[in-house]
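> Coordinates in input_26.cif, mmCIF, C-alpha atoms, are listed below.
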```cif
data_run
loop_
_atom_site.label_atom_id
_atom_site.label_comp_id
_atom_site.auth_asym_id
_atom_site.auth_seq_id
_atom_site.Cartn_x
_atom_site.Cartn_y
_atom_site.Cartn_z
CA MET A 14 -36.61 -11.06 -0.74
CA SER A 15 -35.07 -14.31 0.43
CA SER A 16 -31.79 -14.43 2.25
CA TRP A 17 -30.20 -16.46 -0.51
CA LYS A 18 -31.24 -13.90 -3.12
CA VAL A 19 -29.74 -11.07 -1.06
CA PHE A 20 -26.45 -12.93 -0.86
CA ILE A 21 -26.24 -14.20 -4.44
CA ARG A 22 -26.95 -10.83 -6.04
CA GLY A 23 -23.45 -9.62 -5.19
CA LEU A 24 -21.96 -12.57 -7.03
CA TRP A 25 -23.46 -12.01 -10.47
CA GLU A 26 -26.59 -9.93 -10.99
CA GLU A 27 -25.24 -6.91 -9.13
CA ILE A 28 -21.59 -7.84 -8.94
CA PRO A 29 -19.36 -4.91 -8.05
CA ILE A 30 -16.94 -3.76 -10.76
CA PHE A 31 -18.53 -5.69 -13.64
CA ARG A 32 -22.15 -4.76 -13.06
CA LEU A 33 -22.24 -1.94 -10.51
CA LEU A 34 -19.12 -0.39 -12.08
CA LEU A 35 -18.01 0.77 -8.66
CA GLY A 36 -14.61 0.53 -6.99
CA LEU A 37 -12.78 0.86 -10.30
CA CYS A 38 -9.85 2.96 -9.00
CA PRO A 39 -8.55 0.43 -6.49
CA THR A 40 -9.34 -2.33 -8.98
CA LEU A 41 -7.06 -0.89 -11.63
CA ALA A 42 -4.32 -0.13 -9.14
CA VAL A 43 -4.31 -3.37 -7.21
CA SER A 44 -5.20 -6.08 -9.71
CA THR A 45 -1.62 -6.50 -10.92
CA SER A 46 -1.43 -9.84 -9.21
CA VAL A 47 -3.80 -12.42 -7.75
CA LYS A 48 -2.27 -12.11 -4.29
CA ASN A 49 -2.84 -8.34 -4.15
CA GLY A 50 -6.34 -8.84 -5.47
CA ILE A 51 -7.18 -11.33 -2.71
CA GLY A 52 -5.64 -9.09 -0.06
CA MET A 53 -7.54 -6.02 -1.16
CA GLY A 54 -10.77 -7.99 -1.66
CA LEU A 55 -10.66 -9.50 1.82
CA ALA A 56 -9.79 -6.17 3.45
CA ALA A 57 -12.68 -4.47 1.65
CA THR A 58 -15.03 -7.36 2.57
CA PHE A 59 -14.13 -6.98 6.23
CA VAL A 60 -14.82 -3.25 6.05
CA LEU A 61 -18.12 -3.90 4.20
CA LEU A 62 -19.27 -6.40 6.84
CA GLY A 63 -18.41 -4.03 9.67
CA SER A 64 -19.90 -0.92 8.13
CA ASN A 65 -23.07 -2.67 6.92
CA LEU A 66 -23.53 -4.16 10.39
CA VAL A 67 -23.12 -0.90 12.30
CA ILE A 68 -25.07 1.22 9.83
CA SER A 69 -27.91 -1.29 9.80
CA LEU A 70 -27.98 -1.34 13.62
CA LEU A 71 -28.05 2.45 13.73
CA ARG A 72 -30.32 3.01 10.75
CA LYS A 73 -33.22 4.28 12.83
CA ALA A 74 -30.97 6.43 15.02
CA ILE A 75 -29.15 8.33 12.28
CA PRO A 76 -31.19 11.31 11.04
CA ASN A 77 -31.41 11.50 7.27
CA LYS A 78 -29.69 14.87 7.05
CA ILE A 79 -26.43 13.65 8.56
CA ARG A 80 -26.40 10.17 7.16
CA ILE A 81 -23.48 10.73 4.79
CA PRO A 82 -21.03 12.06 7.42
CA ALA A 83 -22.20 9.39 9.82
CA PHE A 84 -21.63 6.63 7.24
CA ILE A 85 -18.19 8.00 6.40
CA VAL A 86 -17.14 8.05 10.07
CA VAL A 87 -18.21 4.43 10.48
CA ILE A 88 -16.49 3.33 7.26
CA ALA A 89 -13.31 5.26 8.01
CA THR A 90 -13.13 3.71 11.48
CA PHE A 91 -13.29 0.18 10.11
CA VAL A 92 -10.76 0.99 7.39
CA THR A 93 -8.34 2.37 9.98
CA ILE A 94 -8.79 -0.77 12.05
CA VAL A 95 -8.00 -2.88 8.98
CA ASP A 96 -4.98 -0.68 8.19
CA LEU A 97 -3.54 -1.01 11.71
CA ALA A 98 -4.25 -4.74 11.84
CA MET A 99 -2.61 -5.39 8.47
CA HIS A 100 0.40 -3.27 9.36
CA ALA A 101 0.87 -5.33 12.53
CA TYR A 102 -0.04 -8.83 11.31
CA THR A 103 0.49 -8.89 7.53
CA PRO A 104 3.24 -6.29 6.95
CA ASP A 105 4.28 -7.48 3.49
CA LEU A 106 0.74 -7.36 2.12
CA HIS A 107 0.28 -4.02 3.87
CA ARG A 108 3.34 -2.67 2.07
CA ALA A 109 2.24 -4.07 -1.28
CA LEU A 110 -1.22 -2.51 -1.07
CA GLY A 111 0.25 0.68 0.41
CA ILE A 112 -1.88 3.75 0.10
CA PHE A 113 -4.81 1.78 -1.35
CA ILE A 114 -5.76 0.46 2.07
CA PRO A 115 -6.70 3.88 3.46
CA LEU A 116 -8.34 4.56 0.10
CA ILE A 117 -10.89 1.82 0.84
CA VAL A 118 -12.75 4.63 2.64
CA VAL A 119 -13.64 6.19 -0.71
CA ASN A 120 -14.28 2.87 -2.41
CA CYS A 121 -17.75 3.58 -3.72
CA ILE A 122 -18.89 0.02 -3.16
CA ILE A 123 -18.83 0.50 0.60
CA LEU A 124 -20.64 3.81 0.71
CA GLY A 125 -22.91 2.55 -2.06
CA ARG A 126 -24.09 -0.50 -0.09
CA ALA A 127 -24.48 1.60 3.08
CA GLU A 128 -26.74 4.02 1.27
CA ALA A 129 -28.63 1.57 -0.92
CA PHE A 130 -29.05 -1.31 1.48
CA ALA A 131 -27.75 -1.23 5.05
CA SER A 132 -29.55 1.99 5.87
CA LYS A 133 -32.85 0.40 4.87
CA TYR A 134 -32.71 -3.26 5.89
CA GLY A 135 -32.13 -5.31 9.01
CA VAL A 136 -28.85 -6.61 10.30
CA GLY A 137 -29.14 -10.15 8.98
CA TYR A 138 -29.89 -9.05 5.41
CA SER A 139 -27.25 -6.32 5.55
CA LEU A 140 -24.58 -8.81 6.57
CA LEU A 141 -25.57 -11.16 3.76
CA ASP A 142 -25.48 -8.28 1.30
CA ALA A 143 -22.02 -7.29 2.54
CA LEU A 144 -20.77 -10.86 2.26
CA GLY A 145 -22.12 -11.29 -1.27
CA MET A 146 -20.80 -7.94 -2.50
CA GLY A 147 -17.46 -8.40 -0.79
CA LEU A 148 -16.97 -11.87 -2.23
CA GLY A 149 -18.09 -10.66 -5.66
CA PHE A 150 -15.55 -7.84 -5.48
CA THR A 151 -12.82 -10.26 -4.39
CA ILE A 152 -13.64 -12.75 -7.16
CA VAL A 153 -13.56 -10.06 -9.86
CA LEU A 154 -10.25 -8.74 -8.50
CA CYS A 155 -8.86 -12.27 -8.70
CA VAL A 156 -10.10 -12.77 -12.25
CA ILE A 157 -8.60 -9.49 -13.46
CA GLY A 158 -5.53 -10.17 -11.33
CA SER A 159 -5.03 -13.59 -12.93
CA VAL A 160 -5.18 -12.17 -16.44
CA ARG A 161 -2.82 -9.31 -15.65
CA GLU A 162 -0.38 -11.40 -13.65
CA LEU A 163 -0.36 -14.22 -16.19
CA LEU A 164 0.16 -12.01 -19.21
CA GLY A 165 2.32 -9.39 -17.50
CA SER A 166 4.57 -11.59 -15.35
CA GLY A 167 3.96 -15.12 -16.53
CA SER A 168 2.93 -16.21 -13.05
CA ILE A 169 -0.07 -16.90 -10.83
CA LEU A 170 0.22 -16.20 -7.10
CA GLY A 171 3.92 -15.66 -7.59
CA LEU A 172 4.53 -19.10 -9.09
CA THR A 173 5.84 -19.03 -12.63
CA VAL A 174 3.41 -20.98 -14.75
CA ALA A 175 4.28 -19.72 -18.21
CA PRO A 176 6.81 -21.73 -20.24
CA ALA A 177 10.33 -20.34 -20.43
CA SER A 178 9.79 -19.22 -24.01
CA PHE A 179 6.97 -16.88 -22.92
CA ARG A 180 7.91 -13.21 -23.02
CA PRO A 181 5.76 -11.28 -20.56
CA VAL A 182 3.68 -8.45 -21.98
CA LEU A 183 4.74 -5.80 -19.48
CA ILE A 184 1.95 -3.38 -20.26
CA PHE A 185 -0.49 -5.61 -18.40
CA ILE A 186 1.01 -4.78 -15.06
CA LEU A 187 0.97 -1.08 -15.88
CA PRO A 188 -2.12 1.17 -15.73
CA PRO A 189 -2.96 1.05 -19.46
CA GLY A 190 -2.97 -2.74 -19.24
CA GLY A 191 -5.34 -2.50 -16.30
CA PHE A 192 -7.83 -0.60 -18.42
CA ILE A 193 -7.43 -3.04 -21.31
CA ALA A 194 -7.84 -6.13 -19.14
CA LEU A 195 -10.83 -4.65 -17.32
CA ALA A 196 -12.49 -3.68 -20.61
CA MET A 197 -11.97 -7.11 -22.20
CA LEU A 198 -13.29 -8.94 -19.15
CA LEU A 199 -16.21 -6.54 -18.80
CA ALA A 200 -17.14 -7.14 -22.44
CA GLY A 201 -16.89 -10.88 -21.87
CA PHE A 202 -19.06 -10.65 -18.77
CA ASN A 203 -21.71 -8.61 -20.60
CA PHE A 204 -21.68 -11.11 -23.45
CA MET A 205 -22.19 -14.07 -21.11
CA ASP A 206 -24.91 -12.21 -19.25
CA ALA A 207 -26.77 -11.34 -22.45
CA ARG A 208 -26.71 -14.99 -23.52
CA ARG A 209 -28.06 -16.06 -20.16
CA ALA A 210 -30.87 -13.54 -20.45
CA SER A 211 -31.87 -14.62 -23.95
CA LYS A 212 -32.25 -18.28 -22.96
CA MET B 21 -31.71 25.61 16.50
CA LYS B 22 -32.91 22.58 18.41
CA GLU B 23 -32.45 20.46 15.33
CA ILE B 24 -28.83 21.55 14.92
CA VAL B 25 -28.13 20.61 18.53
CA LYS B 26 -29.71 17.20 18.01
CA LEU B 27 -27.83 16.53 14.76
CA SER B 28 -24.50 17.68 16.19
CA GLY B 29 -25.11 15.64 19.31
CA ILE B 30 -25.70 12.43 17.38
CA LEU B 31 -22.66 12.97 15.20
CA THR B 32 -20.58 13.68 18.30
CA ILE B 33 -21.68 10.44 19.94
CA ILE B 34 -20.87 8.47 16.81
CA THR B 35 -17.41 10.01 16.51
CA LEU B 36 -16.70 9.52 20.22
CA VAL B 37 -17.49 5.81 20.01
CA ALA B 38 -15.40 5.56 16.85
CA ALA B 39 -12.50 7.35 18.54
CA GLY B 40 -12.72 4.97 21.49
CA ALA B 41 -12.65 1.90 19.26
CA LEU B 42 -9.72 3.27 17.28
CA ALA B 43 -7.77 4.12 20.42
CA ARG B 44 -8.23 0.55 21.61
CA VAL B 45 -7.04 -1.00 18.34
CA PHE B 46 -4.15 1.48 18.13
CA LEU B 47 -2.88 0.46 21.56
CA MET B 48 -3.27 -3.20 20.73
CA THR B 49 -1.17 -2.94 17.57
CA ARG B 50 1.31 -0.22 18.51
CA ASP B 51 4.11 -2.50 19.70
CA LEU B 52 3.70 -4.99 16.88
CA ILE B 53 3.85 -2.21 14.29
CA ALA B 54 6.95 -0.73 15.93
CA ALA B 55 8.59 -4.16 15.76
CA VAL B 56 7.66 -4.54 12.08
CA GLU B 57 9.17 -1.16 11.23
CA ALA B 58 12.31 -1.80 13.30
CA GLU B 59 12.81 -5.09 11.41
CA ARG B 60 12.31 -3.27 8.10
CA GLU B 61 14.96 -0.69 8.99
CA GLU B 62 17.37 -3.39 10.16
CA SER B 63 17.02 -5.30 6.90
CA ALA B 64 17.50 -2.01 5.01
CA ARG B 65 20.78 -1.51 6.86
CA ARG B 66 21.88 -5.01 5.90
CA ALA B 67 20.94 -4.37 2.27
CA ALA B 68 22.87 -1.09 2.27
CA LEU B 69 26.00 -2.75 3.67
CA PRO B 70 26.04 -6.43 2.67
CA GLY B 71 28.20 -8.56 4.90
CA ALA B 72 27.56 -6.59 8.06
CA VAL B 73 25.43 -8.32 10.68
CA ALA B 74 25.52 -6.04 13.70
CA PHE B 75 24.89 -2.33 13.80
CA LYS B 76 25.61 -0.07 16.73
CA PRO B 77 23.59 3.13 16.65
CA ASP B 78 24.93 6.55 17.53
CA THR B 79 23.70 10.11 17.28
CA THR B 80 25.72 13.26 16.79
CA ALA B 81 25.12 16.47 18.71
CA ASP B 82 22.92 17.86 15.90
CA GLY B 83 20.75 14.78 15.69
CA PHE B 84 22.40 12.88 12.82
CA VAL B 85 21.75 9.16 13.25
CA TYR B 86 24.33 6.67 12.03
CA PHE B 87 25.42 3.09 12.73
CA ARG B 88 28.78 1.42 13.06
CA ALA B 89 28.64 -1.83 11.11
CA TYR B 90 30.42 -5.01 12.18
CA ALA B 91 30.92 -8.33 10.47
CA ASP B 92 30.21 -10.40 13.56
CA GLN B 93 27.38 -10.53 16.06
CA GLU B 94 29.43 -9.44 19.06
CA ALA B 95 30.39 -6.22 17.26
CA SER B 96 34.06 -6.68 18.05
CA GLY B 97 37.05 -5.14 16.36
CA ASP B 98 36.88 -2.25 13.95
CA PRO B 99 33.75 -1.43 12.01
CA VAL B 100 33.71 -2.79 8.48
CA GLY B 101 31.75 0.23 7.43
CA TYR B 102 29.12 2.71 8.47
CA VAL B 103 25.45 3.23 7.73
CA GLY B 104 24.03 6.72 7.85
CA LEU B 105 20.31 7.47 8.02
CA ALA B 106 19.48 9.89 5.23
CA LEU B 107 16.30 11.92 5.60
CA GLY B 108 15.01 13.46 2.39
CA LYS B 109 12.10 15.83 1.86
CA GLY B 110 10.14 13.93 -0.75
CA TYR B 111 7.04 15.05 -2.61
CA SER B 112 4.54 13.72 -0.08
CA SER B 113 6.61 12.10 2.63
CA GLN B 114 9.94 12.06 4.38
CA ILE B 115 12.04 9.48 2.58
CA ARG B 116 14.27 7.49 4.92
CA THR B 117 17.29 5.92 3.23
CA MET B 118 20.04 3.79 4.74
CA VAL B 119 23.40 4.73 3.21
CA GLY B 120 26.14 2.14 3.59
CA VAL B 121 29.65 3.55 3.24
CA SER B 122 33.13 2.13 3.55
CA PRO B 123 35.52 3.74 6.06
CA GLN B 124 36.82 5.69 3.05
CA LEU B 125 33.37 7.18 2.54
CA GLU B 126 32.67 5.33 -0.69
CA ILE B 127 29.05 4.27 -1.10
CA ILE B 128 28.71 0.49 -0.80
CA GLY B 129 24.96 0.70 -1.34
CA ILE B 130 21.80 2.49 -0.39
CA LYS B 131 18.38 1.17 0.56
CA VAL B 132 15.24 3.23 0.82
CA ALA B 133 13.70 2.11 4.12
CA PHE B 134 10.56 4.24 4.07
CA GLN B 135 8.65 6.39 1.62
CA GLN B 136 5.08 7.35 0.92
CA GLU B 137 5.44 9.00 -2.46
CA THR B 138 2.96 9.04 -5.30
CA PRO B 139 2.19 5.49 -6.49
CA GLY B 140 3.65 4.91 -9.95
CA LEU B 141 5.87 7.98 -9.79
CA GLY B 142 7.84 8.61 -6.61
CA THR B 143 7.32 5.02 -5.44
CA ARG B 144 9.52 3.99 -8.37
CA VAL B 145 12.55 4.77 -6.22
CA GLU B 146 11.92 1.25 -4.94
CA GLU B 147 10.96 -0.27 -8.29
CA VAL B 148 12.73 -3.51 -9.18
CA ARG B 149 12.92 -4.25 -12.90
CA LYS B 150 12.00 -7.68 -14.16
CA GLY B 151 14.96 -10.02 -13.73
CA ASP B 152 16.80 -7.72 -11.31
CA GLN B 153 17.34 -8.25 -7.61
CA ASP B 154 17.56 -4.66 -6.49
CA PRO B 155 15.87 -1.36 -7.33
CA TRP B 156 17.65 0.14 -10.35
CA PHE B 157 17.39 3.70 -9.02
CA GLN B 158 19.23 2.75 -5.83
CA THR B 159 21.92 0.57 -7.39
CA GLN B 160 23.08 3.65 -9.34
CA PHE B 161 24.56 4.99 -6.12
CA LYS B 162 26.95 2.08 -5.66
CA GLY B 163 30.62 2.95 -5.72
CA ARG B 164 30.10 6.70 -5.80
CA THR B 165 31.36 9.32 -3.41
CA SER B 166 29.53 12.49 -2.52
CA GLU B 167 30.76 13.93 -5.82
CA ARG B 168 28.86 12.34 -8.71
CA LEU B 169 25.38 12.45 -7.21
CA ALA B 170 23.72 15.21 -9.24
CA VAL B 171 20.29 14.23 -10.50
CA GLN B 172 19.98 14.38 -14.25
CA ARG B 173 17.84 13.07 -17.10
CA SER B 174 19.98 10.29 -18.47
CA ALA B 175 22.20 7.60 -17.05
CA ASP B 176 25.94 8.10 -17.02
CA SER B 177 28.77 7.95 -14.53
CA ASN B 178 28.58 11.65 -13.71
CA GLY B 179 25.14 11.74 -12.19
CA ILE B 180 22.06 9.91 -11.06
CA GLU B 181 19.34 9.18 -13.57
CA ALA B 182 16.10 10.69 -12.32
CA ILE B 183 12.77 8.90 -12.40
CA THR B 184 10.66 10.35 -15.19
CA GLY B 185 7.95 12.53 -13.68
CA ALA B 186 9.36 12.15 -10.16
CA THR B 187 12.16 14.70 -10.01
CA ILE B 188 11.37 15.77 -6.47
CA SER B 189 11.45 12.23 -5.12
CA SER B 190 14.66 11.46 -7.04
CA ARG B 191 16.33 14.64 -5.79
CA ALA B 192 15.17 14.01 -2.23
CA VAL B 193 17.00 10.68 -2.19
CA ALA B 194 20.15 11.93 -3.94
CA THR B 195 20.45 15.13 -1.91
CA SER B 196 19.86 13.38 1.39
CA VAL B 197 22.46 10.74 0.46
CA ARG B 198 25.00 13.42 -0.40
CA GLU B 199 24.38 15.28 2.86
CA THR B 200 24.61 12.06 4.82
CA ILE B 201 28.02 11.26 3.37
CA LYS B 202 29.22 14.73 4.32
CA LYS B 203 27.95 14.24 7.85
CA MET B 204 29.59 10.80 8.02
CA GLY B 205 32.78 12.53 6.93
CA SER B 206 32.58 14.93 9.86
CA VAL B 207 31.89 12.08 12.25
CA LEU B 208 34.85 10.03 11.08
CA ARG B 209 37.33 12.86 11.11
#
```
Can the structure in the file be given as structure tokens, please?

Amino acid sequence: MSSWKVFIRGLWEEIPIFRLLLGLCPTLAVSTSVKNGIGMGLAATFVLLGSNLVISLLRKAIPNKIRIPAFIVVIATFVTIVDLAMHAYTPDLHRALGIFIPLIVVNCIILGRAEAFASKYGVGYSLLDALGMGLGFTIVLCVIGSVRELLGSGSILGLTVAPASFRPVLIFILPPGGFIALAMLLAGFNFMDARRASK
Amino acid sequence: MKEIVKLSGILTIITLVAAGALARVFLMTRDLIAAVEAEREESARRAALPGAVAFKPDTTADGFVYFRAYADQEASGDPVGYVGLALGKGYSSQIRTMVGVSPQLEIIGIKVAFQQETPGLGTRVEEVRKGDQDPWFQTQFKGRTSERLAVQRSADSNGIEAITGATISSRAVATSVRETIKKMGSVLR
């Protein structure tokens, strides 16, 4: 498998959320705005890079029977580092994401890539995989975030872009709207993917 | 038996290294985080008592924390009001609320400074409605004394409208505010 292929998979073919259908809980909770989506995506990408790196380095040293607790310890350590760093350096974003930062530990994308990839491949490939998956996750969060922020608040990245006559559809920034937006975009993604395949 | 020792040993090494890394990062960020939280509490005090710029802290014999609020930086003259720190037992966290009162013990405003309640339920104590400046749950407290602070279902001048599905969080704030005013009363007497 080429390096490029390893990286690019996370951006379409095996994109988290839309294709892997992982990490849906934080997606629904955090995609109420583009800014939150970017923040969460970058935090999760950092954790992915760190955990994939360490788990790949240690893949021959961790016995199979204890691999899950070992992975969790590594992931939880990186998440705590991200939590502390965000609290100190980006307090407003930290407050906005709130409890969903510690919840990155149970974001299935991270454990999923550790189990499916980093524990089996070398460091270089694992880092590329983490980068691709992390960016894919961030992009999808931004796409869903744009839809929900635009329709639910009339803004993008906090800047009002909708005309004054636009009445925001509040449900889009509430949980039901998250489900609806995710479902619509997922259907659209599947449609585009099917057309690509049939060409 | 030997396998268990080996497995435990490896896990122990991993967790020790993790603990070391975390301790390092914790020490690096501890002061910055303390500064962030101190700034948050200071701005909560200013939101609870608009117009005041300097706050002098004090603590009573039984540990009640309050602040004398002054309109100028040098904190001269008489306080324009007081801010009491209300501590409420929320659903999943201790809710810290700054309660700004006039010298006559009328609530000028409250500001929740810290909470870690359930997202979407208890966190709504800080929810700001579209078009508003301040959280609707907290602005209810303006102008009241310790009397009309009972938590109830609907909004009227006799009580505080609870957050649907977050009675415990709502009560934690209201009860702690009421107790704080009583304690402020004892302090000022």
> Applying 12 Å and all atoms listed in the file, which residues near Asp82 in chain B remain after dropping the ones on its own chain fewer than 2 positions away? List them as a PyMOL selection string.
chain B and resi 78-80+84-86+203+206-207
> On this structure, which residues satisfy the PyMOL selection byres ((chain A) within 10 of (chain B)), written as an NGL selection string?
:A and (42 or 71 or 74-80 or 82-84 or 86-91 or 93-95 or 97-105 or 111-113 or 166 or 181 or 183 or 187-188)
> Could you tell me which residues the PyMOL selection byres ((chain B and resi 95-112) around 6) grabs in this file, written as an NGL selection string?
:B and (85-90 or 92-94 or 113-123 or 137 or 188-189 or 192-193 or 196-197 or 200)
> Within 12 Å of (-26.0, -14.1, -6.9) (coordinates as in the file), grab all the protein and nucleic acid residues, counting only C-alpha atoms, and write them out as a list in words.
Ser15, Ser16, Trp17, Lys18, Val19, Phe20, Ile21, Arg22, Gly23, Leu24, Trp25, Glu26, Glu27, Ile28, Pro29, Arg32, Leu141, Asp142, Leu144, Gly145, Met146, Gly147, Leu148 and Gly149 of chain A
> Quick one: residues within 12 Å of Val156 in chain A, all atoms listed in the file counted, chain neighbours fewer than 6 positions away excluded, as a VMD selection string?
chain A and resid 30 to 31 40 44 to 51 54 149 to 150 162 to 163 169 194 to 195 197 to 199 201 to 202
> Provide the CA of Ile186 in chain A to CA of Phe59 in chain A distance in Å, to one decimal place.
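Between CA of Ile186 in chain A and CA of Phe59 in chain A the gap is 26.2 Å.
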> Between CA of Arg180 in chain A and CA of Ala109 in chain A, what is the distance in Å, rounded to a tenth?
24.3 Å
> Taking all atoms listed in the file into account, name the residue in A:Asn203, A:Val43, A:Arg209, A:Arg108 that is nearest to Leu154 in chain A.
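Of the candidates, the smallest distance to Leu154 in chain A is held by A:Val43.
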> Which residues come within 12 Å of Arg144 in chain B, counting all atoms listed in the file, excluding same-chain residues fewer than 3 positions away, as an mmCIF file with C-alpha atoms, in the frame of the given file?

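Everything below was put into result.cif:
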```cif
data_model
loop_
_atom_site.group_PDB
_atom_site.id
_atom_site.type_symbol
_atom_site.label_atom_id
_atom_site.label_comp_id
_atom_site.auth_asym_id
_atom_site.auth_seq_id
_atom_site.Cartn_x
_atom_site.Cartn_y
_atom_site.Cartn_z
ATOM 1 C CA VAL B 132 15.240 3.230 0.820
ATOM 2 C CA GLN B 135 8.650 6.390 1.620
ATOM 3 C CA GLN B 136 5.080 7.350 0.920
ATOM 4 C CA GLU B 137 5.440 9.000 -2.460
ATOM 5 C CA THR B 138 2.960 9.040 -5.300
ATOM 6 C CA PRO B 139 2.190 5.490 -6.490
ATOM 7 C CA GLY B 140 3.650 4.910 -9.950
ATOM 8 C CA LEU B 141 5.870 7.980 -9.790
ATOM 9 C CA GLU B 147 10.960 -0.270 -8.290
ATOM 10 C CA VAL B 148 12.730 -3.510 -9.180
ATOM 11 C CA ARG B 149 12.920 -4.250 -12.900
ATOM 12 C CA ASP B 154 17.560 -4.660 -6.490
ATOM 13 C CA PRO B 155 15.870 -1.360 -7.330
ATOM 14 C CA TRP B 156 17.650 0.140 -10.350
ATOM 15 C CA PHE B 157 17.390 3.700 -9.020
ATOM 16 C CA GLN B 158 19.230 2.750 -5.830
ATOM 17 C CA ALA B 182 16.100 10.690 -12.320
ATOM 18 C CA ILE B 183 12.770 8.900 -12.400
ATOM 19 C CA THR B 184 10.660 10.350 -15.190
ATOM 20 C CA GLY B 185 7.950 12.530 -13.680
ATOM 21 C CA ALA B 186 9.360 12.150 -10.160
ATOM 22 C CA THR B 187 12.160 14.700 -10.010
ATOM 23 C CA SER B 189 11.450 12.230 -5.120
ATOM 24 C CA SER B 190 14.660 11.460 -7.040
ATOM 25 C CA VAL B 193 17.000 10.680 -2.190
#
```
> Just give me the gap between CA of Phe134 in chain B and CA of Gly171 in chain A in Å, one decimal is fine.
24.0 Å
